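Please read the structure below before turning to the comments.
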Number of protein chains: 2
Amino acid sequence: MAKPPIAISEAESRVMEALWRKAPQASEDIVAAVQQDSDWHEKTIRTLLGRLLGKGAVSAEKDGRRYLYAPVLTREQWQSQESRSLLDRVFGGRLGPLLAHFSEHEKLGAKDVAELRKLLAAIEKKER
Amino acid sequence: MAKPPIAISEAESRVMEALWRKAPQASEDIVAAVQQDSDWHEKTIRTLLGRLLGKGAVSAEKDGRRYLYAPVLTREQWQSQESRSLLDRVFGGRLGPLLAHFSEHEKLGAKDVAELRKLLAAIEKKER
DNA sequence: AGTTTCAGACTACGCCCGTAATCCAGTTGG
DNA sequence: CCAACTGGATTACGGGCGTAGTCTGAAACT
């Protein structure tokens with residue numbers, strides 16, 4: 001069977017962020033890390049961690065009486081899923097319209113333009 | 001006060017699609033249009049339409065015994081909202097990483113590449 | 001050894017969403 | 001004029017999500 005994609009919610013992704021930055025970590029440290037950027041209650045963060053475990057988005061390895069948590073879903077996988085979802089849901093699966101949209105409505109910084117050039121250069125190289 | 005952004009759900013967006021393609025339309029026609037691409041029950045579609053009305057995403061004008069519905073939220077506004085949401089939630093608000101992601105993980109069709117070139121050309125022209 | 005503590009498990013609860021079914025009043029067909 | 005029909009309004013219901021609170025078992029402190 002194909003692996004079912006792991007869907008995580010907005011709030012859950014904030015917890016994943018902490019793990020993507022550093023892993024493995026004990027829940028105490030995760031709580032502290034997440035609280036740097038949010039005002040969530042410790043209980044809330046632990047609940048989210050538990051849900052992520054249930055979904056298989058993180059793994060837990062026993063370390064004494066506590067667990068050390070690590071991400072299973074990578075940030076890249078998540079970014080891919082979310083990007084593809086936007087592409088399919090909102091732009092009919094075509095990159096063109098999405099890019100056109102960004103070019104019209106988002107201010108592109110110098111770095112963005114450089115990234116665009118790089119992207120195009122890579123494509124052209126591969127093309128022949 | 002600033003107008004609060006109108007958030008619509010996935011299913012609701014399917015109904016909006018029908019209205020974006022043609023408006024105004026009576027609910028009967030909307031139902032028929034949506035059913036072309038889905039197997040939703042008529043009642044379901046009417047419920048979604050009602051919710052969209054409640055959210056102010058569509059307007060209804062009485063036309064005899066029925067209403068004629070029209071979109072208030074435009075497709076472009078919606079695409080903007082969703083794009084910005086992805087950008088902020090998943091890519092820290094920076095376009096570069098998003099573009100890098102697409103260049104690495106998405107297969108670009110010829111049309112996409114053309115769109116990219118056009119986009120870059122437009123930028124270069126504006127740049128000087 | 002008894003008590004306090006704390007990580008993790010289980011429970012809670014209101015709101016949104018997907019997906020309808022039921023109810024009601026005005027229109028229309030007979 | 002009465003019955004059937006139909007669009008719209010109201011109600012339903014289970015699952016996920018945001019946001020915790022409570023319970024429990026074992027470790028740690030005294």
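Following the order of the structure tokens, chains are lettered A, B, ..., residues in each are numbered from 1, and ligands are numbered from 1.
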For this session: Using only C-alpha atoms (C1' of nucleotides), select each residue of chain A with any atom at most 9 Å away from an atom of chain D, and give the selection as a list in words.
Result: Ser9, Ala11, Trp40, His41, Lys43, Thr44, Thr47 and Arg65 of chain A
Selected residues written out with all heavy atoms, as a PDB file, in the first residue's frame:
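See result_11.pdb below for the written result:
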ATOM      1  N   SER A   9      -1.820  19.850  11.304  1.00  0.00           N
ATOM      2  CA  SER A   9      -2.535  21.127  11.355  1.00  0.00           C
ATOM      3  C   SER A   9      -1.548  22.272  11.561  1.00  0.00           C
ATOM      4  O   SER A   9      -0.371  22.070  11.863  1.00  0.00           O
ATOM      5  CB  SER A   9      -3.537  21.109  12.493  1.00  0.00           C
ATOM      6  OG  SER A   9      -2.872  21.286  13.726  1.00  0.00           O
ATOM      7  N   ALA A  11      -1.375  24.459  14.037  1.00  0.00           N
ATOM      8  CA  ALA A  11      -0.777  24.508  15.370  1.00  0.00           C
ATOM      9  C   ALA A  11       0.278  23.412  15.516  1.00  0.00           C
ATOM     10  O   ALA A  11       1.343  23.620  16.089  1.00  0.00           O
ATOM     11  CB  ALA A  11      -1.861  24.346  16.434  1.00  0.00           C
ATOM     12  N   TRP A  40       1.331  29.695  24.129  1.00  0.00           N
ATOM     13  CA  TRP A  40       0.522  28.521  24.441  1.00  0.00           C
ATOM     14  C   TRP A  40       0.874  27.941  25.799  1.00  0.00           C
ATOM     15  O   TRP A  40       2.037  27.933  26.211  1.00  0.00           O
ATOM     16  CB  TRP A  40       0.721  27.443  23.374  1.00  0.00           C
ATOM     17  CG  TRP A  40       0.103  27.795  22.073  1.00  0.00           C
ATOM     18  CD1 TRP A  40      -0.887  28.707  21.864  1.00  0.00           C
ATOM     19  CD2 TRP A  40       0.440  27.248  20.803  1.00  0.00           C
ATOM     20  NE1 TRP A  40      -1.196  28.747  20.530  1.00  0.00           N
ATOM     21  CE2 TRP A  40      -0.404  27.864  19.862  1.00  0.00           C
ATOM     22  CE3 TRP A  40       1.349  26.298  20.383  1.00  0.00           C
ATOM     23  CZ2 TRP A  40      -0.344  27.562  18.509  1.00  0.00           C
ATOM     24  CZ3 TRP A  40       1.411  25.982  19.039  1.00  0.00           C
ATOM     25  CH2 TRP A  40       0.567  26.617  18.111  1.00  0.00           C
ATOM     26  N   HIS A  41      -0.128  27.378  26.379  1.00  0.00           N
ATOM     27  CA  HIS A  41       0.054  26.694  27.647  1.00  0.00           C
ATOM     28  C   HIS A  41       0.850  25.420  27.422  1.00  0.00           C
ATOM     29  O   HIS A  41       0.733  24.774  26.386  1.00  0.00           O
ATOM     30  CB  HIS A  41      -1.332  26.368  28.213  1.00  0.00           C
ATOM     31  CG  HIS A  41      -1.308  25.975  29.645  1.00  0.00           C
ATOM     32  ND1 HIS A  41      -0.866  24.741  30.069  1.00  0.00           N
ATOM     33  CD2 HIS A  41      -1.642  26.662  30.760  1.00  0.00           C
ATOM     34  CE1 HIS A  41      -0.964  24.681  31.388  1.00  0.00           C
ATOM     35  NE2 HIS A  41      -1.424  25.833  31.825  1.00  0.00           N
ATOM     36  N   LYS A  43       0.381  22.573  28.583  1.00  0.00           N
ATOM     37  CA  LYS A  43      -0.513  21.447  28.313  1.00  0.00           C
ATOM     38  C   LYS A  43      -0.919  21.385  26.846  1.00  0.00           C
ATOM     39  O   LYS A  43      -1.056  20.311  26.269  1.00  0.00           O
ATOM     40  CB  LYS A  43      -1.775  21.573  29.177  1.00  0.00           C
ATOM     41  CG  LYS A  43      -1.515  21.308  30.640  1.00  0.00           C
ATOM     42  CD  LYS A  43      -0.932  19.928  30.818  1.00  0.00           C
ATOM     43  CE  LYS A  43      -0.882  19.543  32.287  1.00  0.00           C
ATOM     44  NZ  LYS A  43      -0.295  18.194  32.433  1.00  0.00           N
ATOM     45  N   THR A  44      -1.132  22.544  26.307  1.00  0.00           N
ATOM     46  CA  THR A  44      -1.523  22.605  24.898  1.00  0.00           C
ATOM     47  C   THR A  44      -0.423  22.032  24.018  1.00  0.00           C
ATOM     48  O   THR A  44      -0.668  21.225  23.117  1.00  0.00           O
ATOM     49  CB  THR A  44      -1.791  24.070  24.512  1.00  0.00           C
ATOM     50  OG1 THR A  44      -2.872  24.548  25.300  1.00  0.00           O
ATOM     51  CG2 THR A  44      -2.144  24.183  23.039  1.00  0.00           C
ATOM     52  N   THR A  47      -0.209  18.352  24.288  1.00  0.00           N
ATOM     53  CA  THR A  47      -1.312  17.715  23.561  1.00  0.00           C
ATOM     54  C   THR A  47      -0.975  17.633  22.079  1.00  0.00           C
ATOM     55  O   THR A  47      -1.156  16.584  21.451  1.00  0.00           O
ATOM     56  CB  THR A  47      -2.611  18.517  23.729  1.00  0.00           C
ATOM     57  OG1 THR A  47      -3.008  18.486  25.098  1.00  0.00           O
ATOM     58  CG2 THR A  47      -3.716  17.934  22.874  1.00  0.00           C
ATOM     59  N   ARG A  65      12.986   7.753  32.037  1.00  0.00           N
ATOM     60  CA  ARG A  65      11.537   7.798  32.235  1.00  0.00           C
ATOM     61  C   ARG A  65      10.845   8.741  31.271  1.00  0.00           C
ATOM     62  O   ARG A  65       9.646   8.842  31.248  1.00  0.00           O
ATOM     63  CB  ARG A  65      11.215   8.210  33.667  1.00  0.00           C
ATOM     64  CG  ARG A  65      11.441   9.654  33.978  1.00  0.00           C
ATOM     65  CD  ARG A  65      11.889   9.895  35.368  1.00  0.00           C
ATOM     66  NE  ARG A  65      13.212   9.389  35.674  1.00  0.00           N
ATOM     67  CZ  ARG A  65      13.599   8.115  35.644  1.00  0.00           C
ATOM     68  NH1 ARG A  65      12.770   7.165  35.321  1.00  0.00           N
ATOM     69  NH2 ARG A  65      14.820   7.781  35.923  1.00  0.00           N
TER      70      ARG A  65
END
For this session: Select residues of chain A: the criterion is any atom within 10 Å of an atom of chain C, counting only C-alpha atoms (C1' of nucleotides); output as a list in words.
Result: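 Residues of chain A within 10 Å of chain C, counting only C-alpha atoms (C1' of nucleotides): Ser27, Glu28, Arg46, Thr47, Gly50, Arg65, Arg66 and Tyr67 of chain A.
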For this session: Compare A:Ile30, A:Val58, A:Ala100, A:Ile45 by their minimum atom-to-atom distance to Ala70 in chain A, counting only C-alpha atoms, and give me the closest one.
Result: A:Val58
Problem set entry | Expected answer as number ranges by chain: chain B residues within 8 Å of chain A, only C-alpha atoms | B: 10, 79-80, 82-83, 86, 89-91, 95-96, 99-101, 103, 105, 108, 111-113, 115-117, 119-120
Sel. of strand (DSSP E) residues, chain B, as an mmCIF file with N, CA, C and O atoms, in the first residue's frame:
data_model
loop_
_atom_site.group_PDB
_atom_site.id
_atom_site.type_symbol
_atom_site.label_atom_id
_atom_site.label_comp_id
_atom_site.auth_asym_id
_atom_site.auth_seq_id
_atom_site.Cartn_x
_atom_site.Cartn_y
_atom_site.Cartn_z
ATOM 1 N N GLN B 25 -26.046 33.584 -11.022
ATOM 2 C CA GLN B 25 -26.727 32.332 -11.332
ATOM 3 C C GLN B 25 -27.723 32.011 -10.220
ATOM 4 O O GLN B 25 -27.500 32.366 -9.067
ATOM 5 N N ALA B 26 -28.775 31.292 -10.585
ATOM 6 C CA ALA B 26 -29.725 30.803 -9.587
ATOM 7 C C ALA B 26 -29.140 29.549 -8.953
ATOM 8 O O ALA B 26 -28.287 28.882 -9.540
ATOM 9 N N VAL B 58 -20.542 35.607 -1.047
ATOM 10 C CA VAL B 58 -21.404 35.777 -2.215
ATOM 11 C C VAL B 58 -22.562 36.688 -1.822
ATOM 12 O O VAL B 58 -22.880 36.838 -0.641
ATOM 13 N N SER B 59 -23.160 37.286 -2.821
ATOM 14 C CA SER B 59 -24.320 38.132 -2.576
ATOM 15 C C SER B 59 -25.521 37.459 -3.222
ATOM 16 O O SER B 59 -25.380 36.649 -4.134
ATOM 17 N N ALA B 60 -26.695 37.809 -2.756
ATOM 18 C CA ALA B 60 -27.925 37.244 -3.303
ATOM 19 C C ALA B 60 -28.885 38.378 -3.592
ATOM 20 O O ALA B 60 -29.132 39.217 -2.731
ATOM 21 N N GLU B 61 -29.390 38.366 -4.796
ATOM 22 C CA GLU B 61 -30.365 39.394 -5.150
ATOM 23 C C GLU B 61 -31.658 38.704 -5.524
ATOM 24 O O GLU B 61 -31.641 37.753 -6.322
ATOM 25 N N LYS B 62 -32.722 39.172 -4.945
ATOM 26 C CA LYS B 62 -34.001 38.523 -5.189
ATOM 27 C C LYS B 62 -34.399 38.700 -6.655
ATOM 28 O O LYS B 62 -34.311 39.784 -7.219
ATOM 29 N N ASP B 63 -34.838 37.612 -7.228
ATOM 30 C CA ASP B 63 -35.300 37.641 -8.607
ATOM 31 C C ASP B 63 -36.580 36.825 -8.629
ATOM 32 O O ASP B 63 -36.554 35.610 -8.815
ATOM 33 N N ARG B 66 -36.925 33.376 -6.579
ATOM 34 C CA ARG B 66 -35.614 32.872 -6.163
ATOM 35 C C ARG B 66 -34.616 33.981 -5.964
ATOM 36 O O ARG B 66 -34.926 35.145 -6.089
ATOM 37 N N TYR B 67 -33.408 33.558 -5.731
ATOM 38 C CA TYR B 67 -32.320 34.510 -5.641
ATOM 39 C C TYR B 67 -31.347 34.263 -6.774
ATOM 40 O O TYR B 67 -31.226 33.143 -7.270
ATOM 41 N N LEU B 68 -30.680 35.330 -7.137
ATOM 42 C CA LEU B 68 -29.566 35.177 -8.059
ATOM 43 C C LEU B 68 -28.314 35.462 -7.239
ATOM 44 O O LEU B 68 -28.245 36.469 -6.535
ATOM 45 N N TYR B 69 -27.379 34.549 -7.343
ATOM 46 C CA TYR B 69 -26.175 34.661 -6.527
ATOM 47 C C TYR B 69 -25.009 35.153 -7.367
ATOM 48 O O TYR B 69 -24.896 34.815 -8.558
ATOM 49 N N ALA B 70 -24.155 35.923 -6.728
ATOM 50 C CA ALA B 70 -22.955 36.415 -7.412
ATOM 51 C C ALA B 70 -21.811 36.431 -6.417
ATOM 52 O O ALA B 70 -22.027 36.610 -5.212
ATOM 53 N N PRO B 71 -20.607 36.230 -6.893
ATOM 54 C CA PRO B 71 -19.462 36.231 -5.975
ATOM 55 C C PRO B 71 -19.146 37.647 -5.506
ATOM 56 O O PRO B 71 -19.284 38.613 -6.258
#
For this session: Mind listing the alpha helix (DSSP H) residues of range 3-127 of chain B, per DSSP on the backbone, as a ChimeraX atom specification?
Result: /B:10-21,27-37,42-55,75-91,95-105,110-127
Problem set entry | Interatomic distance (Å, one decimal) between CA of Val15 in chain B and CA of Leu48 in chain B |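 Distance between the two atoms: 7.2 Å.
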